[in-house]
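Asks: Got final.csv for you, CSV, N, CA and C atoms:
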```csv
chain,number,residue,atom,x,y,z
A,1,MET,N,17.4,-11.1,9.8
A,1,MET,CA,16.1,-10.7,10.1
A,1,MET,C,15.7,-9.4,9.4
A,2,SER,N,14.6,-9.4,8.8
A,2,SER,CA,14.1,-8.2,8.1
A,2,SER,C,13.5,-7.2,8.9
A,3,ASN,N,13.7,-5.9,8.6
A,3,ASN,CA,12.9,-4.8,9.2
A,3,ASN,C,11.5,-4.8,8.5
A,4,LEU,N,10.5,-4.7,9.3
A,4,LEU,CA,9.2,-4.6,8.7
A,4,LEU,C,8.9,-3.2,8.2
A,5,VAL,N,8.2,-3.0,7.2
A,5,VAL,CA,7.9,-1.7,6.6
A,5,VAL,C,6.4,-1.4,6.9
A,6,LYS,N,6.2,-0.2,7.5
A,6,LYS,CA,4.8,0.2,7.8
A,6,LYS,C,4.2,0.9,6.7
A,7,LEU,N,3.0,0.4,6.2
A,7,LEU,CA,2.3,1.0,5.1
A,7,LEU,C,0.8,1.2,5.5
A,8,THR,N,0.1,1.9,4.8
A,8,THR,CA,-1.4,2.1,5.0
A,8,THR,C,-2.2,1.3,4.0
A,9,ARG,N,-2.9,0.3,4.6
A,9,ARG,CA,-3.6,-0.7,3.8
A,9,ARG,C,-5.0,-0.1,3.5
A,10,VAL,N,-5.5,-0.4,2.3
A,10,VAL,CA,-6.9,0.0,1.9
A,10,VAL,C,-7.7,-1.2,1.8
A,11,GLU,N,-8.8,-1.2,2.6
A,11,GLU,CA,-9.8,-2.4,2.6
A,11,GLU,C,-11.2,-1.8,2.3
A,12,LYS,N,-11.9,-2.6,1.5
A,12,LYS,CA,-13.3,-2.2,1.3
A,12,LYS,C,-14.2,-3.1,2.2
A,13,THR,N,-15.1,-2.4,3.0
A,13,THR,CA,-16.0,-3.1,3.8
A,13,THR,C,-17.4,-2.6,3.5
A,14,GLY,N,-18.2,-3.5,3.0
A,14,GLY,CA,-19.5,-3.0,2.5
A,14,GLY,C,-19.3,-2.1,1.3
A,15,GLY,N,-19.8,-0.9,1.4
A,15,GLY,CA,-19.7,0.1,0.4
A,15,GLY,C,-18.6,1.2,0.7
A,16,ASN,N,-18.0,1.0,1.9
A,16,ASN,CA,-17.0,2.0,2.3
A,16,ASN,C,-15.6,1.5,2.3
A,17,PHE,N,-14.6,2.4,2.2
A,17,PHE,CA,-13.2,2.0,2.3
A,17,PHE,C,-12.6,2.4,3.6
A,18,ASN,N,-11.8,1.6,4.2
A,18,ASN,CA,-11.2,1.8,5.5
A,18,ASN,C,-9.7,1.7,5.3
A,19,LEU,N,-9.0,2.5,6.2
A,19,LEU,CA,-7.5,2.5,6.2
A,19,LEU,C,-7.0,1.9,7.5
A,20,THR,N,-6.1,1.0,7.4
A,20,THR,CA,-5.4,0.4,8.5
A,20,THR,C,-3.9,0.3,8.3
A,21,GLU,N,-3.2,0.3,9.4
A,21,GLU,CA,-1.7,0.1,9.3
A,21,GLU,C,-1.5,-1.4,9.1
A,22,VAL,N,-0.4,-1.6,8.2
A,22,VAL,CA,0.0,-3.0,8.0
A,22,VAL,C,1.5,-3.0,7.9
A,23,TYR,N,2.1,-4.0,8.4
A,23,TYR,CA,3.6,-4.1,8.4
A,23,TYR,C,4.0,-5.2,7.4
A,24,VAL,N,4.8,-4.9,6.5
A,24,VAL,CA,5.2,-5.8,5.4
A,24,VAL,C,6.7,-6.2,5.5
A,25,ASN,N,6.9,-7.5,5.3
A,25,ASN,CA,8.3,-8.0,5.3
A,25,ASN,C,8.8,-7.7,3.9
A,26,PRO,N,9.8,-6.8,3.7
A,26,PRO,CA,10.3,-6.5,2.4
A,26,PRO,C,10.9,-7.7,1.6
A,27,GLU,N,11.3,-8.7,2.3
A,27,GLU,CA,11.9,-9.9,1.7
A,27,GLU,C,10.8,-10.7,1.0
A,28,SER,N,9.5,-10.5,1.4
A,28,SER,CA,8.4,-11.3,0.8
A,28,SER,C,7.8,-10.6,-0.4
A,29,VAL,N,8.1,-9.4,-0.7
A,29,VAL,CA,7.5,-8.6,-1.8
A,29,VAL,C,8.0,-9.2,-3.1
A,30,SER,N,7.1,-9.6,-3.9
A,30,SER,CA,7.4,-10.1,-5.3
A,30,SER,C,7.4,-8.9,-6.3
A,31,TYR,N,6.4,-8.1,-6.3
A,31,TYR,CA,6.3,-6.9,-7.1
A,31,TYR,C,5.2,-6.0,-6.7
A,32,VAL,N,5.3,-4.8,-7.1
A,32,VAL,CA,4.4,-3.7,-6.8
A,32,VAL,C,3.8,-3.1,-8.1
A,33,MET,N,2.5,-2.9,-8.1
A,33,MET,CA,2.0,-2.3,-9.3
A,33,MET,C,0.9,-1.3,-8.9
A,34,GLU,N,0.7,-0.3,-9.8
A,34,GLU,CA,-0.3,0.8,-9.5
A,34,GLU,C,-1.7,0.2,-9.6
A,35,ASN,N,-2.6,0.6,-8.7
A,35,ASN,CA,-4.0,0.1,-8.7
A,35,ASN,C,-4.9,1.3,-9.2
A,36,VAL,N,-5.1,1.3,-10.4
A,36,VAL,CA,-5.9,2.3,-11.0
A,36,VAL,C,-7.4,2.2,-10.7
A,37,HIS,N,-7.8,1.0,-10.3
A,37,HIS,CA,-9.2,0.8,-10.0
A,37,HIS,C,-9.6,1.5,-8.7
A,38,LEU,N,-8.7,1.5,-7.7
A,38,LEU,CA,-8.9,2.2,-6.5
A,38,LEU,C,-9.0,3.7,-6.7
A,39,LYS,N,-8.1,4.2,-7.6
A,39,LYS,CA,-8.0,5.6,-7.9
A,39,LYS,C,-9.4,6.0,-8.6
A,40,GLN,N,-9.8,5.2,-9.5
A,40,GLN,CA,-11.1,5.5,-10.2
A,40,GLN,C,-12.3,5.5,-9.2
A,41,SER,N,-12.2,4.5,-8.3
A,41,SER,CA,-13.3,4.5,-7.2
A,41,SER,C,-13.3,5.7,-6.4
A,42,LEU,N,-12.1,6.2,-6.0
A,42,LEU,CA,-12.0,7.4,-5.2
A,42,LEU,C,-12.5,8.6,-6.0
A,43,ASN,N,-12.2,8.7,-7.3
A,43,ASN,CA,-12.7,9.8,-8.0
A,43,ASN,C,-14.3,9.8,-8.2
A,44,GLU,N,-14.8,8.6,-8.3
A,44,GLU,CA,-16.3,8.4,-8.6
A,44,GLU,C,-17.1,8.4,-7.3
A,45,SER,N,-16.5,8.0,-6.2
A,45,SER,CA,-17.3,7.9,-4.9
A,45,SER,C,-16.5,8.4,-3.7
A,46,ALA,N,-16.1,9.6,-3.7
A,46,ALA,CA,-15.2,10.1,-2.6
A,46,ALA,C,-15.9,10.0,-1.3
A,47,GLY,N,-17.2,10.0,-1.2
A,47,GLY,CA,-17.9,9.9,0.1
A,47,GLY,C,-17.8,8.6,0.8
A,48,ALA,N,-17.3,7.6,0.0
A,48,ALA,CA,-17.1,6.2,0.6
A,48,ALA,C,-15.8,6.1,1.2
A,49,TRP,N,-14.9,7.1,1.1
A,49,TRP,CA,-13.6,7.1,1.6
A,49,TRP,C,-13.4,7.9,2.8
A,50,PRO,N,-12.4,7.6,3.7
A,50,PRO,CA,-12.1,8.4,4.9
A,50,PRO,C,-11.8,9.9,4.5
A,51,ASP,N,-12.1,10.8,5.4
A,51,ASP,CA,-11.9,12.2,5.1
A,51,ASP,C,-10.5,12.6,4.8
A,52,ASP,N,-9.5,11.9,5.3
A,52,ASP,CA,-8.1,12.2,5.1
A,52,ASP,C,-7.5,11.7,3.8
A,53,ILE,N,-8.3,11.2,2.9
A,53,ILE,CA,-7.9,10.8,1.6
A,53,ILE,C,-8.4,11.8,0.6
A,54,SER,N,-7.5,12.3,-0.2
A,54,SER,CA,-7.9,13.3,-1.2
A,54,SER,C,-7.9,12.6,-2.6
A,55,THR,N,-8.4,13.3,-3.6
A,55,THR,CA,-8.4,12.7,-4.9
A,55,THR,C,-7.0,12.8,-5.5
A,56,MET,N,-6.0,13.4,-4.8
A,56,MET,CA,-4.7,13.4,-5.3
A,56,MET,C,-3.9,12.1,-4.9
A,57,HIS,N,-4.4,11.3,-4.0
A,57,HIS,CA,-3.8,10.1,-3.6
A,57,HIS,C,-3.8,9.1,-4.8
A,58,ARG,N,-2.7,8.3,-4.7
A,58,ARG,CA,-2.6,7.1,-5.7
A,58,ARG,C,-2.5,5.9,-4.8
A,59,PHE,N,-2.6,4.7,-5.5
A,59,PHE,CA,-2.7,3.5,-4.7
A,59,PHE,C,-1.9,2.4,-5.5
A,60,SER,N,-1.4,1.4,-4.7
A,60,SER,CA,-0.6,0.3,-5.3
A,60,SER,C,-1.1,-1.0,-4.7
A,61,THR,N,-0.9,-2.0,-5.5
A,61,THR,CA,-1.1,-3.4,-5.0
A,61,THR,C,0.2,-4.1,-4.8
A,62,ILE,N,0.5,-4.6,-3.7
A,62,ILE,CA,1.7,-5.3,-3.4
A,62,ILE,C,1.4,-6.8,-3.5
A,63,HIS,N,2.2,-7.5,-4.3
A,63,HIS,CA,2.1,-9.0,-4.5
A,63,HIS,C,3.2,-9.6,-3.7
A,64,MET,N,2.9,-10.5,-2.8
A,64,MET,CA,3.9,-11.1,-1.9
A,64,MET,C,3.9,-12.6,-2.2
A,65,ASN,N,5.1,-13.2,-2.0
A,65,ASN,CA,5.3,-14.6,-2.2
A,65,ASN,C,4.5,-15.4,-1.2
A,66,GLY,N,3.6,-16.2,-1.7
A,66,GLY,CA,2.8,-17.1,-0.8
A,66,GLY,C,1.7,-16.4,0.0
A,67,HIS,N,1.4,-15.2,-0.3
A,67,HIS,CA,0.3,-14.4,0.4
A,67,HIS,C,-0.6,-13.7,-0.6
A,68,ALA,N,-1.8,-13.4,-0.2
A,68,ALA,CA,-2.7,-12.7,-1.0
A,68,ALA,C,-2.2,-11.2,-1.2
A,69,PRO,N,-2.4,-10.6,-2.4
A,69,PRO,CA,-2.0,-9.2,-2.6
A,69,PRO,C,-2.7,-8.3,-1.6
A,70,ILE,N,-2.1,-7.2,-1.3
A,70,ILE,CA,-2.7,-6.2,-0.5
A,70,ILE,C,-2.7,-4.8,-1.2
A,71,ASN,N,-3.7,-4.0,-1.0
A,71,ASN,CA,-3.8,-2.7,-1.6
A,71,ASN,C,-3.3,-1.7,-0.5
A,72,VAL,N,-2.4,-0.7,-0.9
A,72,VAL,CA,-1.9,0.3,0.0
A,72,VAL,C,-2.0,1.7,-0.6
A,73,VAL,N,-1.9,2.7,0.3
A,73,VAL,CA,-1.9,4.1,-0.2
A,73,VAL,C,-0.5,4.4,-0.6
A,74,GLY,N,-0.4,5.0,-1.8
A,74,GLY,CA,0.9,5.4,-2.3
A,74,GLY,C,1.2,4.9,-3.7
A,75,ASP,N,1.8,5.6,-4.5
A,75,ASP,CA,2.2,5.1,-5.9
A,75,ASP,C,3.3,4.1,-5.8
A,76,PRO,N,3.5,3.3,-6.8
A,76,PRO,CA,4.5,2.2,-6.7
A,76,PRO,C,5.9,2.8,-6.4
A,77,ALA,N,6.3,3.9,-6.9
A,77,ALA,CA,7.6,4.5,-6.6
A,77,ALA,C,7.8,4.8,-5.1
A,78,LEU,N,6.8,5.3,-4.5
A,78,LEU,CA,6.8,5.6,-3.1
A,78,LEU,C,6.9,4.3,-2.3
A,79,VAL,N,6.1,3.3,-2.6
A,79,VAL,CA,6.1,2.1,-1.9
A,79,VAL,C,7.5,1.4,-2.1
A,80,GLU,N,8.0,1.4,-3.3
A,80,GLU,CA,9.3,0.8,-3.5
A,80,GLU,C,10.4,1.5,-2.7
A,81,GLN,N,10.3,2.8,-2.6
A,81,GLN,CA,11.3,3.6,-1.9
A,81,GLN,C,11.2,3.2,-0.4
A,82,LYS,N,10.1,3.0,0.2
A,82,LYS,CA,9.9,2.6,1.6
A,82,LYS,C,10.5,1.2,1.8
A,83,ILE,N,10.3,0.3,0.8
A,83,ILE,CA,10.8,-1.0,1.0
A,83,ILE,C,12.3,-1.0,0.9
A,84,PHE,N,12.9,-0.3,-0.1
A,84,PHE,CA,14.3,-0.3,-0.3
A,84,PHE,C,15.0,0.4,0.8
A,85,GLU,N,14.4,1.5,1.4
A,85,GLU,CA,15.0,2.2,2.6
A,85,GLU,C,15.2,1.2,3.7
A,86,SER,N,14.2,0.3,3.9
A,86,SER,CA,14.2,-0.6,5.0
A,86,SER,C,15.4,-1.6,4.7
A,87,LYS,N,15.5,-2.1,3.5
A,87,LYS,CA,16.6,-3.0,3.2
A,87,LYS,C,18.0,-2.4,3.4
A,88,LYS,N,18.1,-1.1,3.0
A,88,LYS,CA,19.4,-0.4,3.2
A,88,LYS,C,19.7,-0.3,4.7
A,89,MET,N,18.7,0.0,5.5
A,89,MET,CA,19.0,0.1,7.0
A,89,MET,C,19.4,-1.2,7.5
A,90,LEU,N,18.8,-2.3,7.0
A,90,LEU,CA,19.2,-3.6,7.5
A,90,LEU,C,20.7,-3.9,7.1
A,91,LEU,N,21.1,-3.5,5.9
A,91,LEU,CA,22.5,-3.8,5.5
A,91,LEU,C,23.5,-3.0,6.4
A,92,LYS,N,23.1,-1.7,6.7
A,92,LYS,CA,24.0,-0.9,7.5
A,92,LYS,C,24.1,-1.3,8.9
A,93,GLY,N,23.0,-1.8,9.5
A,93,GLY,CA,22.9,-2.1,10.9
A,93,GLY,C,23.6,-3.4,11.2
```
Please go through the file and, once you have read it, give me the structure as structure tokens.

Replies:
Amino acid sequence: MSNLVKLTRVEKTGGNFNLTEVYVNPESVSYVMENVHLKQSLNESAGAWPDDISTMHRFSTIHMNGHAPINVVGDPALVEQKIFESKKMLLKG
């Protein structure tokens, strides 16, 4: 059984961006890539984002087997680190 990894999902509703928690099964992750379009949107329209997001944030898109991709807060290295930490805990436990 896999440990789920908690990440912050980015969703666009109307003209605004919202952040929600999402739990991802590390075994379902196919690959992670940087989402430069969200970063560009943040730089161009910071008012459409929640106040706790700064222009320093980076974003990733997670592609999962058999599921639609999701956008999350964090660069690909950070997201990968969270996923692999979860897998290491599973192996130790």

Asks: Give the answer as one residue: which of A:Tyr23, A:Asp52, A:Val32, A:Asn43 has the shortest atom-to-atom distance to Gln81 (chain A), using only C-alpha atoms?

Replies: A:Val32

Asks: May I have the residues within 9 Å of Val24 (chain A) as a count of residues only, using only C-alpha atoms and disregarding those fewer than 2 positions away in the same chain?

Replies: 11

Asks: When DSSP is applied to the backbone of this structure, which of chain A are assigned strand (DSSP E)? Write them out as JSON, numbers by chain.

Replies: {"A": [5, 6, 7, 8, 9, 10, 11, 12, 13, 16, 17, 18, 19, 20, 21, 22, 23, 24, 29, 30, 31, 32, 33, 34, 59, 60, 61, 62, 63, 64, 70, 71, 72, 73]}

Asks: Show which residues sit within 10 Å of region 59-70 of chain A, as a PyMOL selection string. Count only C-alpha atoms, and ignore same-chain residues fewer than 4 positions away.

Replies: chain A and resi 8-11+22+24-39+74-80

Asks: Mind pulling up the distance from CA of Leu19 (chain A) to CA of Ser41 (chain A)?

Replies: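 Those two atoms sit 14.7 Å apart.
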
Asks: To one decimal place in Å, what is the distance between CA of Gly15 (chain A) and CA of Lys82 (chain A)?

Replies: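 Straight-line distance from CA of Gly15 (chain A) to CA of Lys82 (chain A) works out to 29.7 Å.
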
Asks: Please extract the residues of chain A with a backbone DSSP assignment of alpha helix (DSSP H) and present them as a ChimeraX atom specification.

Replies: /A:36-44,76-92

Asks: Figure out the distance between atom N of Ser45 (chain A) and atom N of Glu21 (chain A), please, to one decimal in Å.

Replies: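 Result for atom N of Glu21 (chain A) versus atom N of Ser45 (chain A): 21.9 Å, one decimal.
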